[in-house]
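**Student:** Next up is a structure, given as structure tokens.
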Amino acid sequence: MTTPIAVVTTERSGWTDRKIYGLGDPVAQARVLDRPLDQWRPGSKALGDGTQTLRGPMLICAEDLWVSRKMLSGFEALGRRQAGASPLRLGRDAAGPAMLSDPLGRLPRSDDGKTILFDLWYLPEGVSVPAWGPGDPLPQPLKEAPFADLQTRVHSLDIDVDRSIDPSGRMSVSFTHVAAAPVGHWVELARANLLALGAEALEAGPVLGLLRLIWAAIRAFSLNPSRVFHAATQRGRRCRIHPTAVVEGCKLGNDVTIDAGAVLRGCVIGDGARIGPLAAAEWSVIGQGAQLQRRATANLSVIYPEARIGGLLQLSVAGRSVAFKFASASADMNPNGAVRVLTPDGLRSVDTGYQGICLGHEAFVAANLIVAPGRLIEGGRAVTTESRMIIRS
């Protein structure tokens with residue numbers, strides 16, 4: 001990146017009072033692939049506080065927007081090529097690679113509704129926009145900016161779903177290494193992490209990615225997919241992996257421990273995390289020092305540092321130091337309709353029909369409980385069988 005990045009508050013990013021709804025952290029501390037959001041925007045500075053005029057060349061990014069590295073560099077290059085007398089805004093086909101980027105439907109659309117507009121602009125050299133502060137409307141040059149998208153290859157993955165969600169029983173999920181998504185709500189944070197997992201896997205590009213896969217096959221002495229993906233796993237220093245564990249296509253930090261019979265696929269595991277005997281995780285982010293305890297399961301979930309998970313989490317977010325005890329489970333589907341979640345504006349439906357739960361920092365859920373889909377357990381809350389609050393949707 002050669003262009004500075006201004007991180008600003010917009011009307012939309014102020015929706016959750018500049019915090020992650022459900023966790024309470026400032027949006028700048030949202031963890032995507034176990035890294036704070038600010039680390040995804042190298043050299044960025046918080047501006048847009050009402051005191052400073054913004055002058056190009058620069059990228060302008062909403063404070064609650066996660067943007068992949070390839071998106072930042074690609075949009076900067078696009079802005080330079082199309083530089084004119086006005087800012088350029090990121091707009092993505094609502095039926096294309098951005099279709100999973102807006103699970104709560106709160107990003108603005110173009111007049112015809114076919115394009116999702118993101119709070120990411122390129123400000124050309126010699127162009128400026130007036131100062132504005134939190135709660136103020138966007139300056140007109142940003143509101144009226146023409147939009148453009150990056151041409152990128154999209155990879156699709158078909159998954160089995162309940163026929164009440166899709167009559168075909170199948171749903172296509174698209175991934176690209178050029179991605180962006182808001183993280184102001186815990187549902188958005190969960191979705192951004194899934195998009196980031198896909199972006200990380202594809203970021204090397206098709207040629208280099210193929211070479212890495214071939215090299216992994218050579219190191220595995222096999223074309224068996226399981227052995228190849230096992231060889232493709234990236235390990236940090238001093239990792240301890242039991243010989244009976246299955247670890248495929250993961251990225252492990254330093255000092256990770258994986259016990260006997262554990263199964264991990266497509267996960268990012270933070271430093272010092274521990275995966276207990278017979279535990280399983282797929283396409284999940286497990287933070288620093290977190291524990292996936294004996295027989296626990298995490299699917300498509302985000303687990304913050306120091307959390308202890310003993311039950312089943314699916315499509316969920318677990319905050320710091322959460323305790324989710326043995327045999328408890330997060331439901332992820334409402335058989336009577338869409339899953340709805342609480343937001344600052346009341347209840348909203350989640351786009352795909354599936355969603356797990358959110359456990360706030362230091363929440364405690366006792367053993368053998370089922371948490372209804374879309375539920376938020378507030379930070380510090382202890383939920384036991386006497387609470388009688390989480391069984392029904």
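Identifiers in this document derive from the order of the structure tokens: chains are assigned A, B, ..., residues are numbered from 1 separately in each chain, and ligands are numbered from 1 in order of occurrence.
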Using only C-alpha atoms, which residues sit within 10 Å of segment 148-153 of chain A once same-chain residues fewer than 4 positions away are excluded, as an mmCIF file with C-alpha atoms, in the first residue's frame?
**Tutor:**
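Writing the result to around12.cif gives the following:
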data_model
loop_
_atom_site.group_PDB
_atom_site.id
_atom_site.type_symbol
_atom_site.label_atom_id
_atom_site.label_comp_id
_atom_site.auth_asym_id
_atom_site.auth_seq_id
_atom_site.Cartn_x
_atom_site.Cartn_y
_atom_site.Cartn_z
ATOM 1 C CA MET A 71 -9.299 -5.519 -1.920
ATOM 2 C CA GLY A 74 -6.884 -3.587 -5.881
ATOM 3 C CA PHE A 75 -9.258 -0.721 -5.153
ATOM 4 C CA ALA A 77 -5.074 0.632 -8.222
ATOM 5 C CA LEU A 78 -8.568 0.967 -9.688
ATOM 6 C CA GLY A 79 -8.909 4.441 -8.197
ATOM 7 C CA GLN A 82 -9.992 5.988 -13.020
ATOM 8 C CA LEU A 88 -14.769 6.708 -6.418
ATOM 9 C CA ARG A 89 -16.854 4.375 -4.237
ATOM 10 C CA LEU A 90 -16.745 0.594 -4.010
ATOM 11 C CA GLY A 91 -19.923 -0.938 -5.420
ATOM 12 C CA ARG A 92 -20.340 -4.705 -5.801
ATOM 13 C CA ASP A 93 -22.899 -6.831 -7.608
ATOM 14 C CA PRO A 97 -19.083 -11.884 -4.810
ATOM 15 C CA THR A 115 -25.354 -3.092 -6.461
ATOM 16 C CA LEU A 117 -22.441 0.147 -1.887
ATOM 17 C CA TRP A 121 -13.764 5.451 -1.342
ATOM 18 C CA PHE A 175 -15.638 -16.939 -1.831
ATOM 19 C CA THR A 176 -13.099 -14.537 -3.272
ATOM 20 C CA HIS A 177 -9.776 -13.113 -2.101
ATOM 21 C CA VAL A 178 -11.130 -9.625 -2.915
ATOM 22 C CA ALA A 179 -13.695 -9.072 -0.167
ATOM 23 C CA LEU A 202 -7.296 -17.864 -2.100
ATOM 24 C CA GLY A 205 -3.756 -16.524 -6.503
ATOM 25 C CA PRO A 206 -4.563 -19.537 -8.694
#
**Student:** Looking at A:Arg381, A:Arg35, A:Lys325, A:Arg109, which one is nearest to Asp271 of chain A, with distances taken over only C-alpha atoms?
**Tutor:** A:Arg35
**Student:** Just want the 12 Å neighbourhood of Arg191 of chain A, counted on only C-alpha atoms, with same-chain residues fewer than 4 positions away dropped. Output as a PDB file with C-alpha atoms, in the first residue's frame.
**Tutor:**
ATOM      1  CA  ARG A  31     -11.142  -9.684  15.650  1.00  0.00           C
ATOM      2  CA  VAL A  32     -10.986 -11.076  12.141  1.00  0.00           C
ATOM      3  CA  LEU A  33      -8.887 -14.243  11.871  1.00  0.00           C
ATOM      4  CA  TRP A  66     -13.228  -5.155   7.225  1.00  0.00           C
ATOM      5  CA  ALA A  98     -20.715  -9.490  -2.307  1.00  0.00           C
ATOM      6  CA  MET A  99     -23.874 -11.547  -1.789  1.00  0.00           C
ATOM      7  CA  LEU A 100     -22.682 -12.822   1.616  1.00  0.00           C
ATOM      8  CA  SER A 101     -21.166  -9.526   2.771  1.00  0.00           C
ATOM      9  CA  ASP A 102     -24.341  -7.982   4.195  1.00  0.00           C
ATOM     10  CA  PRO A 103     -26.178 -10.560   6.360  1.00  0.00           C
ATOM     11  CA  LEU A 104     -28.470  -7.968   8.002  1.00  0.00           C
ATOM     12  CA  VAL A 173     -21.577 -20.137  -1.028  1.00  0.00           C
ATOM     13  CA  PHE A 175     -15.638 -16.939  -1.831  1.00  0.00           C
ATOM     14  CA  ALA A 179     -13.695  -9.072  -0.167  1.00  0.00           C
ATOM     15  CA  ALA A 180     -15.168  -6.532   2.241  1.00  0.00           C
ATOM     16  CA  ALA A 181     -17.809  -6.704   4.971  1.00  0.00           C
ATOM     17  CA  PRO A 182     -19.045  -4.636   7.943  1.00  0.00           C
ATOM     18  CA  VAL A 183     -18.396  -5.936  11.471  1.00  0.00           C
ATOM     19  CA  GLY A 184     -20.573  -3.651  13.617  1.00  0.00           C
ATOM     20  CA  HIS A 185     -22.919  -6.451  14.680  1.00  0.00           C
ATOM     21  CA  TRP A 186     -21.917  -9.885  15.953  1.00  0.00           C
ATOM     22  CA  VAL A 187     -23.688 -11.534  12.988  1.00  0.00           C
ATOM     23  CA  LEU A 195     -15.222 -14.420   4.141  1.00  0.00           C
ATOM     24  CA  ALA A 196     -11.723 -13.801   5.530  1.00  0.00           C
ATOM     25  CA  LEU A 197     -11.058 -17.537   5.827  1.00  0.00           C
ATOM     26  CA  GLY A 198     -11.937 -17.896   2.160  1.00  0.00           C
ATOM     27  CA  TRP A 283     -13.900 -23.398   9.123  1.00  0.00           C
ATOM     28  CA  SER A 284     -13.580 -21.714  12.491  1.00  0.00           C
ATOM     29  CA  VAL A 285     -11.320 -19.137  14.126  1.00  0.00           C
ATOM     30  CA  LEU A 300     -18.164 -21.948  11.112  1.00  0.00           C
ATOM     31  CA  SER A 301     -17.659 -20.085  14.387  1.00  0.00           C
ATOM     32  CA  VAL A 302     -15.488 -17.345  15.894  1.00  0.00           C
ATOM     33  CA  LEU A 315     -22.319 -20.259  13.080  1.00  0.00           C
ATOM     34  CA  SER A 316     -21.698 -18.510  16.393  1.00  0.00           C
ATOM     35  CA  VAL A 317     -19.470 -15.975  18.138  1.00  0.00           C
ATOM     36  CA  VAL A 350     -30.529 -13.003   8.765  1.00  0.00           C
ATOM     37  CA  ASP A 351     -30.195 -13.419   5.021  1.00  0.00           C
ATOM     38  CA  THR A 352     -29.311 -17.112   4.667  1.00  0.00           C
ATOM     39  CA  TYR A 354     -29.123 -19.948   9.306  1.00  0.00           C
ATOM     40  CA  GLN A 355     -27.482 -18.320  12.323  1.00  0.00           C
ATOM     41  CA  GLY A 356     -26.099 -19.477  15.658  1.00  0.00           C
TER      42      GLY A 356
END
**Student:** May I have all residues of segment 292-327 of chain A that DSSP, computed from the backbone, assigns to strand (DSSP E), given as a list in words?
**Tutor:**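 Written out, the strand (DSSP E) residues of segment 292-327 of chain A are Leu292, Thr297, Ala298, Asn299, Val302, Ile303, Arg308, Ile309, Leu312, Leu313, Gln314, Val317, Ala318, Ala323 and Phe324 of chain A.
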**Student:** Those residues you just picked out, can you put them in a file as a short mmCIF file (atom, residue, chain, number, x, y, z; two decimals), in the first residue's frame with N, CA and C atoms?
**Tutor:**
data_model
loop_
_atom_site.label_atom_id
_atom_site.label_comp_id
_atom_site.auth_asym_id
_atom_site.auth_seq_id
_atom_site.Cartn_x
_atom_site.Cartn_y
_atom_site.Cartn_z
N LEU A 292 -10.75 -25.69 23.12
CA LEU A 292 -11.85 -26.51 22.62
C LEU A 292 -11.73 -27.82 23.39
N THR A 297 -17.26 -29.19 19.79
CA THR A 297 -17.32 -28.99 18.35
C THR A 297 -17.53 -27.51 18.04
N ALA A 298 -16.78 -27.01 17.07
CA ALA A 298 -16.98 -25.64 16.59
C ALA A 298 -17.03 -25.67 15.06
N ASN A 299 -18.15 -25.28 14.50
CA ASN A 299 -18.31 -25.23 13.05
C ASN A 299 -18.64 -23.80 12.62
N VAL A 302 -16.58 -18.23 15.47
CA VAL A 302 -15.49 -17.35 15.89
C VAL A 302 -15.39 -17.44 17.41
N ILE A 303 -14.24 -17.85 17.90
CA ILE A 303 -14.02 -18.02 19.34
C ILE A 303 -12.90 -17.08 19.77
N ARG A 308 -13.47 -20.98 26.75
CA ARG A 308 -13.45 -22.42 27.00
C ARG A 308 -14.76 -23.01 26.49
N ILE A 309 -14.65 -23.80 25.43
CA ILE A 309 -15.83 -24.33 24.76
C ILE A 309 -15.89 -25.83 24.99
N LEU A 312 -21.32 -27.64 21.65
CA LEU A 312 -21.38 -27.49 20.20
C LEU A 312 -21.72 -26.05 19.85
N LEU A 313 -20.82 -25.40 19.11
CA LEU A 313 -21.07 -24.06 18.58
C LEU A 313 -21.11 -24.16 17.06
N GLN A 314 -22.14 -23.58 16.46
CA GLN A 314 -22.25 -23.56 15.01
C GLN A 314 -22.72 -22.19 14.56
N VAL A 317 -20.59 -16.78 17.64
CA VAL A 317 -19.47 -15.98 18.14
C VAL A 317 -19.40 -16.16 19.65
N ALA A 318 -18.22 -16.50 20.15
CA ALA A 318 -18.01 -16.63 21.59
C ALA A 318 -16.94 -15.62 22.00
N ALA A 323 -17.34 -19.36 29.05
CA ALA A 323 -17.39 -20.77 29.45
C ALA A 323 -18.69 -21.35 28.91
N PHE A 324 -18.58 -22.25 27.95
CA PHE A 324 -19.73 -22.89 27.33
C PHE A 324 -19.58 -24.38 27.61
#
**Student:** Residues within 10 Å of Ala363 of chain A, please, as a list in words. Count only C-alpha atoms; anything in the same chain fewer than 4 positions from it doesn't count.
**Tutor:**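 So the residues in contact are Ala307, Ala318, Gly319, Arg320, Ser321, Val322, Ala323, Phe324, Cys358, Leu359, Ile377, Glu378, Gly379, Gly380, Arg381, Ala382 and Val383 of chain A.
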**Student:** Need to verify the contact set: Leu347 of chain A, 12 Å, only C-alpha atoms, exclusion of same-chain residues closer than 5 positions in sequence. Can you return it as a ChimeraX atom specification?
**Tutor:** /A:104,338-342,374-376
**Student:** For Ala245 of chain A, find every residue with an atom within 12 Å (counting only C-alpha atoms), except residues of its own chain fewer than 2 positions away, and show them as a VMD selection string.
**Tutor:** chain A and resid 230 240 to 243 247 to 248 257 to 265 275 to 281
**Student:** Record the distance separating atom CA of Leu37 of chain A and atom CA of Ala329 of chain A, expressed in Å with one decimal.
**Tutor:**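 So the two atoms, atom CA of Leu37 of chain A and atom CA of Ala329 of chain A, lie 28.5 Å apart.
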